[in-house]
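K.L.:
Structure supplied as final-v7.csv; contents: CSV, C-alpha atoms.
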```csv
chain,number,residue,atom,x,y,z
A,18,MET,CA,31.0,221.4,211.3
A,19,ALA,CA,34.1,222.7,209.4
A,20,LYS,CA,35.6,220.5,206.7
A,21,VAL,CA,39.3,220.0,206.2
A,22,HIS,CA,40.0,220.5,202.4
A,23,SER,CA,42.8,218.3,201.1
A,24,ALA,CA,44.7,219.5,197.9
A,25,ARG,CA,45.3,215.8,197.2
A,26,ASP,CA,41.5,215.1,197.1
A,27,GLU,CA,40.3,218.3,195.5
A,28,ARG,CA,42.9,220.0,193.4
A,29,PHE,CA,43.6,217.6,190.5
A,30,GLY,CA,40.6,216.6,188.6
A,31,GLY,CA,37.3,215.1,189.6
A,32,TYR,CA,35.5,211.8,189.7
A,33,LEU,CA,33.6,210.7,186.7
A,34,ASP,CA,30.3,211.7,188.4
A,35,ASP,CA,31.5,215.3,188.7
A,36,TYR,CA,31.5,215.9,184.9
A,37,ARG,CA,28.5,216.6,182.7
A,38,THR,CA,28.3,216.4,178.9
A,39,GLY,CA,28.6,219.9,177.4
A,40,ASP,CA,30.5,221.4,180.4
A,41,VAL,CA,33.5,223.5,179.3
A,42,PHE,CA,36.6,224.1,181.4
A,43,GLU,CA,38.7,227.2,180.6
A,44,HIS,CA,42.2,226.3,181.7
A,45,TRP,CA,44.3,228.9,183.4
A,46,PRO,CA,46.9,230.3,183.1
A,47,GLY,CA,48.0,230.4,179.5
A,48,LYS,CA,51.6,230.0,178.5
A,49,THR,CA,53.7,232.5,176.4
A,50,ILE,CA,56.1,230.4,174.4
A,51,THR,CA,59.6,231.7,174.2
A,52,GLU,CA,62.2,230.8,171.7
A,53,ALA,CA,64.2,229.0,174.4
A,54,ASP,CA,61.1,226.9,175.4
A,55,ASN,CA,60.7,225.8,171.8
A,56,HIS,CA,64.4,225.1,171.2
A,57,LEU,CA,64.7,223.1,174.5
A,58,PHE,CA,61.7,221.0,173.7
A,59,CYS,CA,63.0,220.4,170.1
A,60,LEU,CA,66.4,219.4,171.3
A,61,LEU,CA,65.2,217.2,174.2
A,62,THR,CA,62.9,215.3,171.8
A,63,MET,CA,65.3,215.2,168.9
A,64,ALA,CA,62.8,217.1,166.7
A,65,ALA,CA,65.4,219.6,165.6
A,66,SER,CA,64.0,220.6,162.3
A,67,PRO,CA,65.1,223.9,160.8
A,68,LEU,CA,61.4,224.9,160.7
A,69,HIS,CA,61.6,225.2,164.5
A,70,ILE,CA,65.2,226.1,165.4
A,71,ASP,CA,67.0,227.8,162.5
A,72,ARG,CA,66.1,231.5,162.4
A,73,ARG,CA,68.0,232.1,159.1
A,74,PHE,CA,66.2,229.2,157.4
A,75,ALA,CA,62.9,230.5,158.6
A,76,GLU,CA,63.7,234.0,157.3
A,77,THR,CA,64.7,232.8,153.8
A,78,GLU,CA,62.7,229.6,153.3
A,79,MET,CA,59.4,229.9,155.1
A,80,ALA,CA,56.3,231.9,154.0
A,81,GLU,CA,55.9,233.4,157.5
A,82,GLY,CA,59.6,234.3,157.6
A,83,ARG,CA,59.9,233.1,161.2
A,84,ASN,CA,60.2,229.8,163.1
A,85,ILE,CA,57.1,227.9,164.1
A,86,VAL,CA,56.7,226.2,167.5
A,87,VAL,CA,56.9,222.4,167.2
A,88,GLY,CA,53.4,220.9,167.3
A,89,THR,CA,54.2,218.2,169.9
A,90,TYR,CA,55.1,221.0,172.3
A,91,ILE,CA,51.8,222.7,171.7
A,92,TYR,CA,50.0,219.4,172.3
A,93,SER,CA,52.0,218.7,175.5
A,94,LEU,CA,51.3,222.1,176.9
A,95,LEU,CA,47.5,221.8,176.2
A,96,LEU,CA,47.5,218.3,177.8
A,97,GLY,CA,49.3,219.6,180.8
A,98,MET,CA,47.0,222.6,181.1
A,99,SER,CA,44.0,220.3,181.3
A,100,VAL,CA,45.3,218.0,184.0
A,101,PRO,CA,44.2,220.0,187.1
A,102,ASP,CA,40.6,220.3,185.6
A,103,ILE,CA,40.2,217.0,183.8
A,104,SER,CA,42.7,214.1,184.4
A,105,GLY,CA,44.6,214.6,187.5
A,106,ARG,CA,42.7,211.8,189.2
A,107,ALA,CA,43.0,209.5,186.1
A,108,ILE,CA,43.6,205.8,186.6
A,109,ALA,CA,44.8,205.6,183.0
A,110,ASN,CA,44.9,207.7,179.9
A,111,LEU,CA,43.2,205.6,177.3
A,112,GLY,CA,44.1,207.3,174.1
A,113,VAL,CA,44.1,210.4,171.9
A,114,SER,CA,42.3,210.8,168.6
A,115,GLU,CA,41.7,213.5,166.0
A,116,LEU,CA,44.8,215.5,166.9
A,117,ARG,CA,45.0,218.4,164.5
A,118,HIS,CA,47.2,221.5,164.2
A,119,LEU,CA,45.2,224.2,162.6
A,120,LYS,CA,47.4,227.2,162.6
A,121,PRO,CA,51.0,227.8,163.5
A,122,LEU,CA,52.2,229.3,166.8
A,123,PHE,CA,55.3,231.5,166.8
A,124,HIS,CA,57.9,232.5,169.5
A,125,GLY,CA,56.2,235.1,171.7
A,126,ASP,CA,52.7,233.8,171.1
A,127,THR,CA,50.6,232.8,174.1
A,128,LEU,CA,48.7,229.5,174.2
A,129,TYR,CA,45.4,229.2,176.0
A,130,GLY,CA,43.3,226.0,176.4
A,131,GLN,CA,39.8,224.9,177.0
A,132,THR,CA,38.2,221.4,177.3
A,133,GLU,CA,34.6,220.3,176.6
A,134,ILE,CA,33.2,217.2,178.1
A,135,LEU,CA,31.9,215.0,175.3
A,136,GLU,CA,30.8,211.9,177.1
A,137,THR,CA,30.8,210.1,180.4
A,138,ARG,CA,30.1,206.4,180.8
A,139,PRO,CA,30.6,203.7,183.4
A,140,SER,CA,33.2,201.1,182.5
A,141,ALA,CA,31.8,197.8,181.4
A,142,SER,CA,34.7,195.9,182.7
A,143,ARG,CA,35.9,197.9,185.8
A,144,PRO,CA,33.2,198.4,188.5
A,145,GLY,CA,33.5,201.8,190.2
A,146,GLU,CA,35.3,203.4,187.3
A,147,GLY,CA,34.3,205.1,184.1
A,148,ILE,CA,35.4,206.7,180.9
A,149,LEU,CA,35.5,210.4,180.4
A,150,THR,CA,35.9,211.6,176.7
A,151,VAL,CA,36.8,215.2,176.1
A,152,ARG,CA,37.9,217.6,173.4
A,153,THR,CA,40.7,220.1,174.2
A,154,ASP,CA,41.2,223.1,172.0
A,155,GLY,CA,44.1,225.5,172.0
A,156,PHE,CA,44.0,229.1,171.1
A,157,ASN,CA,46.5,231.9,170.5
A,158,GLN,CA,46.3,235.3,172.1
A,159,ASP,CA,44.0,236.4,169.3
A,160,ARG,CA,41.6,233.5,170.1
A,161,ALA,CA,42.5,231.8,166.8
A,162,LYS,CA,42.2,228.0,167.3
A,163,VAL,CA,45.6,226.5,166.7
A,164,CYS,CA,45.2,222.9,167.9
A,165,THR,CA,42.5,220.4,168.8
A,166,PHE,CA,42.4,216.8,170.0
A,167,THR,CA,40.0,214.3,171.6
A,168,ARG,CA,41.1,212.0,174.4
A,169,ALA,CA,39.6,209.5,176.8
A,170,VAL,CA,40.6,208.9,180.4
A,171,LEU,CA,39.6,206.2,183.0
A,172,LEU,CA,38.4,207.9,186.2
A,173,PRO,CA,37.1,206.5,189.5
A,174,MET,CA,33.5,207.1,190.3
A,175,ARG,CA,32.5,208.6,193.6
A,176,ALA,CA,30.3,205.5,194.3
A,177,GLY,CA,33.5,203.4,193.9
A,178,ARG,CA,35.6,205.6,196.2
A,179,PRO,CA,37.0,203.8,199.2
A,180,ALA,CA,35.3,204.7,202.5
A,181,GLY,CA,36.9,207.1,204.9
A,182,ARG,CA,38.5,209.4,202.4
A,183,ALA,CA,36.5,212.6,203.3
A,184,ARG,CA,37.5,214.1,206.6
A,185,THR,CA,35.7,216.6,208.8
A,186,ALA,CA,37.6,219.0,211.1
A,187,SER,CA,36.6,216.9,214.1
A,188,ALA,CA,37.9,213.7,212.5
A,189,ALA,CA,41.2,215.4,211.6
A,190,ALA,CA,41.5,216.5,215.2
A,191,GLU,CA,41.1,213.0,216.5
A,192,THR,CA,44.1,211.7,214.4
```
Could you write out this file's structure as structure tokens?

P.N.:
Amino acid sequence: MAKVHSARDERFGGYLDDYRTGDVFEHWPGKTITEADNHLFCLLTMAASPLHIDRRFAETEMAEGRNIVVGTYIYSLLLGMSVPDISGRAIANLGVSELRHLKPLFHGDTLYGQTEILETRPSASRPGEGILTVRTDGFNQDRAKVCTFTRAVLLPMRAGRPAGRARTASAAAET
């Protein structure tokens, strides 16, 4: 019998039971960071340091001679890249730890992300839910690691899923 696939049910992350320690998700696509992207993010977040937005300052005062992309934008991009694979179904984001920026990104560089599953465990206080702990790494176009962080999210478990969510083609036709 044919199954009706629902983007709502299948596209944005899985249930805790779907993840296995050691699995790696390579997020796609990457994002080429433009000068405009970086400037907009800096100005929206009031992080308008000359390191990020003043070309003349970068040319004369910085070792690399060019502006670096603000780290909070890099983190935000990596977090966003991971949502479809990791946390789209999250009940709550529980926290981030060990956020480190390892190398600079510059205007015109492309950021790629991947996430490794570090741990899965049922919640002690919330039946039918569990905690997924992951490490997300960001790389530039040359595969140099530029950023890394660990985070935990609260996810539903399949066993705790409300009945009637999966639909077959015949069930869809009856509605």

K.L.:
Quote the spacing between CA of Ser99 (chain A) and CA of Thr132 (chain A) in Å to one decimal place.

P.N.:
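Answer for the CA of Ser99 (chain A) to CA of Thr132 (chain A) separation: 7.1 Å.
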
K.L.:
Which residues, written as number ranges by chain, have at least one atom at most 6 Å from region 62-76 of chain A, with only C-alpha atoms counted and residues fewer than 5 positions away on the same chain left out?

P.N.:
A: 56, 82-86

K.L.:
List the neighbours of region 110-121 of chain A out to 8 Å using only C-alpha atoms; skip same-chain residues closer than 3 positions along the sequence, and give me the result as number ranges by chain.

P.N.:
A: 85-86, 88, 107, 161-171

K.L.:
Compare A:Met18, A:Ala141, A:Ala80, A:Leu94 by their minimum atom-to-atom distance to Lys48 (chain A), counting only C-alpha atoms, and give me the closest one.

P.N.:
A:Leu94

K.L.:
Using all atoms listed in the file, which of A:Gly125, A:Ala19, A:Arg138, A:Leu33 sits nearest Gly105 (chain A)?

P.N.:
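Distance minimum relative to Gly105 (chain A) lands on A:Leu33.
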
K.L.:
Name the closest residue to His44 (chain A) among the candidates A:Thr137, A:Thr150, A:Gln131, A:Asn157; distances are taken between atoms, counting all atoms listed in the file.

P.N.:
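Ranking A:Thr137, A:Thr150, A:Gln131, A:Asn157 by distance to His44 (chain A), first place goes to A:Gln131.
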
K.L.:
Could you jot down the CA of Glu136 (chain A) to CA of Arg106 (chain A) separation for me, Å, one decimal place?

P.N.:
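A separation of 17.0 Å between them.
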
K.L.:
In terms of the shortest atom-to-atom distance over all atoms listed in the file, which of A:Ile103, A:His124, A:Pro144, A:Met98 is closest to Thr49 (chain A)?

P.N.:
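Of all the options, A:His124 lies closest to Thr49 (chain A).
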
K.L.:
Rounded to one decimal, what separation in Å do you get between CA of Phe58 (chain A) and CA of Ser93 (chain A)?

P.N.:
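Atom-to-atom, CA of Phe58 (chain A) and CA of Ser93 (chain A) are spaced 10.1 Å apart.
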
K.L.:
In file coordinates, which residues lie within 10 Å of (35.6, 225.4, 180.7) using all atoms listed in the file, given as a short mmCIF file (atom, residue, chain, number, x, y, z; two decimals) with C-alpha atoms, in the frame of the given file?

P.N.:
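The resulting file, out36.cif, is shown below:
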```cif
data_model
loop_
_atom_site.label_atom_id
_atom_site.label_comp_id
_atom_site.auth_asym_id
_atom_site.auth_seq_id
_atom_site.Cartn_x
_atom_site.Cartn_y
_atom_site.Cartn_z
CA GLY A 39 28.60 219.90 177.40
CA ASP A 40 30.50 221.40 180.40
CA VAL A 41 33.50 223.50 179.30
CA PHE A 42 36.60 224.10 181.40
CA GLU A 43 38.70 227.20 180.60
CA HIS A 44 42.20 226.30 181.70
CA TRP A 45 44.30 228.90 183.40
CA SER A 99 44.00 220.30 181.30
CA ASP A 102 40.60 220.30 185.60
CA GLY A 130 43.30 226.00 176.40
CA GLN A 131 39.80 224.90 177.00
CA THR A 132 38.20 221.40 177.30
CA GLU A 133 34.60 220.30 176.60
CA ILE A 134 33.20 217.20 178.10
CA THR A 153 40.70 220.10 174.20
#
```

K.L.:
Which is closest to Ala176 (chain A) among A:Gly145, A:Ser140, A:Gly155, A:Ile50, if we use all atoms listed in the file?

P.N.:
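With all atoms listed in the file as the atom set, the closest residue is A:Gly145.
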
K.L.:
What's the 7 Å shell around Val87 (chain A), counting only C-alpha atoms, without same-chain residues fewer than 3 positions away, as a count of residues only?

P.N.:
4

K.L.:
With all atoms listed in the file as the atoms that count, which of A:Pro101, A:Thr127, A:Cys59, A:Leu135 lies nearest to Gly31 (chain A)?

P.N.:
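Looking only at the distances to Gly31 (chain A), the closest residue turns out to be A:Pro101.
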
K.L.:
Show me as a list of chain:residue names the residues that reach within 8 Å of (36.6, 201.9, 190.0), counting all atoms listed in the file and using the file's own coordinates.

P.N.:
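Residues found, by chain and rising number: A:Arg143, A:Pro144, A:Gly145, A:Glu146, A:Gly147, A:Leu172, A:Pro173, A:Met174, A:Gly177, A:Arg178.
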
K.L.:
Using the structure block above, produce a file of region 145-159 of chain A that contains all heavy atoms, as an mmCIF file, in the first residue's frame.

P.N.:
```cif
data_model
loop_
_atom_site.group_PDB
_atom_site.id
_atom_site.type_symbol
_atom_site.label_atom_id
_atom_site.label_comp_id
_atom_site.auth_asym_id
_atom_site.auth_seq_id
_atom_site.Cartn_x
_atom_site.Cartn_y
_atom_site.Cartn_z
ATOM 1 N N GLY A 145 8.743 9.748 27.217
ATOM 2 C CA GLY A 145 8.483 9.875 25.792
ATOM 3 C C GLY A 145 9.377 10.882 25.090
ATOM 4 O O GLY A 145 9.211 11.135 23.898
ATOM 5 N N GLU A 146 10.334 11.448 25.823
ATOM 6 C CA GLU A 146 11.267 12.415 25.259
ATOM 7 C C GLU A 146 12.680 12.051 25.679
ATOM 8 O O GLU A 146 12.883 11.271 26.609
ATOM 9 C CB GLU A 146 10.921 13.837 25.722
ATOM 10 C CG GLU A 146 9.529 14.256 25.290
ATOM 11 C CD GLU A 146 9.058 15.550 25.924
ATOM 12 O OE1 GLU A 146 9.819 16.178 26.683
ATOM 13 O OE2 GLU A 146 7.908 15.926 25.647
ATOM 14 N N GLY A 147 13.658 12.601 24.953
ATOM 15 C CA GLY A 147 15.038 12.300 25.283
ATOM 16 C C GLY A 147 15.976 13.397 24.825
ATOM 17 O O GLY A 147 15.590 14.323 24.110
ATOM 18 N N ILE A 148 17.215 13.258 25.243
ATOM 19 C CA ILE A 148 18.224 14.273 24.973
ATOM 20 C C ILE A 148 19.217 13.767 23.947
ATOM 21 O O ILE A 148 19.793 12.685 24.086
ATOM 22 C CB ILE A 148 18.939 14.676 26.271
ATOM 23 C CG1 ILE A 148 17.904 15.267 27.235
ATOM 24 C CG2 ILE A 148 20.074 15.674 25.991
ATOM 25 C CD1 ILE A 148 18.390 15.457 28.643
ATOM 26 N N LEU A 149 19.399 14.558 22.910
ATOM 27 C CA LEU A 149 20.363 14.288 21.850
ATOM 28 C C LEU A 149 21.504 15.285 22.017
ATOM 29 O O LEU A 149 21.270 16.495 22.047
ATOM 30 C CB LEU A 149 19.711 14.468 20.476
ATOM 31 C CG LEU A 149 20.614 14.305 19.259
ATOM 32 C CD1 LEU A 149 21.066 12.850 19.132
ATOM 33 C CD2 LEU A 149 19.892 14.752 18.005
ATOM 34 N N THR A 150 22.722 14.778 22.153
ATOM 35 C CA THR A 150 23.904 15.632 22.261
ATOM 36 C C THR A 150 24.736 15.445 21.000
ATOM 37 O O THR A 150 25.023 14.301 20.603
ATOM 38 C CB THR A 150 24.731 15.288 23.512
ATOM 39 O OG1 THR A 150 23.872 15.380 24.663
ATOM 40 C CG2 THR A 150 25.910 16.231 23.681
ATOM 41 N N VAL A 151 25.106 16.566 20.375
ATOM 42 C CA VAL A 151 25.827 16.531 19.100
ATOM 43 C C VAL A 151 26.977 17.528 19.108
ATOM 44 O O VAL A 151 26.991 18.476 19.890
ATOM 45 C CB VAL A 151 24.884 16.858 17.918
ATOM 46 C CG1 VAL A 151 23.742 15.856 17.831
ATOM 47 C CG2 VAL A 151 24.349 18.277 18.007
ATOM 48 N N ARG A 152 27.936 17.285 18.219
ATOM 49 C CA ARG A 152 29.002 18.258 17.955
ATOM 50 C C ARG A 152 28.904 18.673 16.493
ATOM 51 O O ARG A 152 28.883 17.820 15.596
ATOM 52 C CB ARG A 152 30.385 17.696 18.225
ATOM 53 C CG ARG A 152 31.492 18.775 18.027
ATOM 54 C CD ARG A 152 32.913 18.268 18.163
ATOM 55 N NE ARG A 152 33.198 17.264 17.145
ATOM 56 C CZ ARG A 152 33.387 15.959 17.383
ATOM 57 N NH1 ARG A 152 33.330 15.496 18.618
ATOM 58 N NH2 ARG A 152 33.629 15.117 16.401
ATOM 59 N N THR A 153 28.839 19.953 16.259
ATOM 60 C CA THR A 153 28.779 20.486 14.903
ATOM 61 C C THR A 153 30.097 21.178 14.606
ATOM 62 O O THR A 153 30.601 21.963 15.416
ATOM 63 C CB THR A 153 27.604 21.464 14.743
ATOM 64 O OG1 THR A 153 26.382 20.752 15.013
ATOM 65 C CG2 THR A 153 27.551 22.055 13.341
ATOM 66 N N ASP A 154 30.672 20.857 13.454
ATOM 67 C CA ASP A 154 31.927 21.461 13.000
ATOM 68 C C ASP A 154 31.673 22.203 11.700
ATOM 69 O O ASP A 154 30.921 21.726 10.841
ATOM 70 C CB ASP A 154 32.995 20.386 12.753
ATOM 71 C CG ASP A 154 33.378 19.629 14.012
ATOM 72 O OD1 ASP A 154 33.455 20.265 15.086
ATOM 73 O OD2 ASP A 154 33.605 18.412 13.930
ATOM 74 N N GLY A 155 32.320 23.353 11.574
ATOM 75 C CA GLY A 155 32.244 24.124 10.345
ATOM 76 C C GLY A 155 33.590 24.150 9.656
ATOM 77 O O GLY A 155 34.637 24.239 10.318
ATOM 78 N N PHE A 156 33.571 24.070 8.331
ATOM 79 C CA PHE A 156 34.785 24.027 7.527
ATOM 80 C C PHE A 156 34.694 25.055 6.419
ATOM 81 O O PHE A 156 33.608 25.334 5.902
ATOM 82 C CB PHE A 156 34.946 22.640 6.880
ATOM 83 C CG PHE A 156 35.003 21.518 7.879
ATOM 84 C CD1 PHE A 156 33.839 20.890 8.308
ATOM 85 C CD2 PHE A 156 36.210 21.092 8.392
ATOM 86 C CE1 PHE A 156 33.883 19.853 9.227
ATOM 87 C CE2 PHE A 156 36.263 20.069 9.316
ATOM 88 C CZ PHE A 156 35.099 19.444 9.734
ATOM 89 N N ASN A 157 35.844 25.590 6.015
ATOM 90 C CA ASN A 157 35.841 26.468 4.849
ATOM 91 C C ASN A 157 35.959 25.622 3.586
ATOM 92 O O ASN A 157 36.001 24.377 3.651
ATOM 93 C CB ASN A 157 36.928 27.549 4.952
ATOM 94 C CG ASN A 157 38.339 26.990 4.822
ATOM 95 O OD1 ASN A 157 38.572 25.836 4.457
ATOM 96 N ND2 ASN A 157 39.317 27.826 5.130
ATOM 97 N N GLN A 158 36.029 26.280 2.452
ATOM 98 C CA GLN A 158 36.076 25.588 1.159
ATOM 99 C C GLN A 158 37.316 24.711 0.999
ATOM 100 O O GLN A 158 37.334 23.809 0.167
ATOM 101 C CB GLN A 158 35.978 26.600 0.004
ATOM 102 C CG GLN A 158 37.143 27.551 -0.098
ATOM 103 C CD GLN A 158 37.053 28.740 0.856
ATOM 104 O OE1 GLN A 158 36.055 28.921 1.550
ATOM 105 N NE2 GLN A 158 38.090 29.556 0.900
ATOM 106 N N ASP A 159 38.342 24.935 1.805
ATOM 107 C CA ASP A 159 39.562 24.120 1.755
ATOM 108 C C ASP A 159 39.554 23.015 2.804
ATOM 109 O O ASP A 159 40.573 22.362 3.021
ATOM 110 C CB ASP A 159 40.790 25.019 1.950
ATOM 111 C CG ASP A 159 40.903 26.088 0.877
ATOM 112 O OD1 ASP A 159 40.623 25.782 -0.298
ATOM 113 O OD2 ASP A 159 41.242 27.236 1.233
#
```
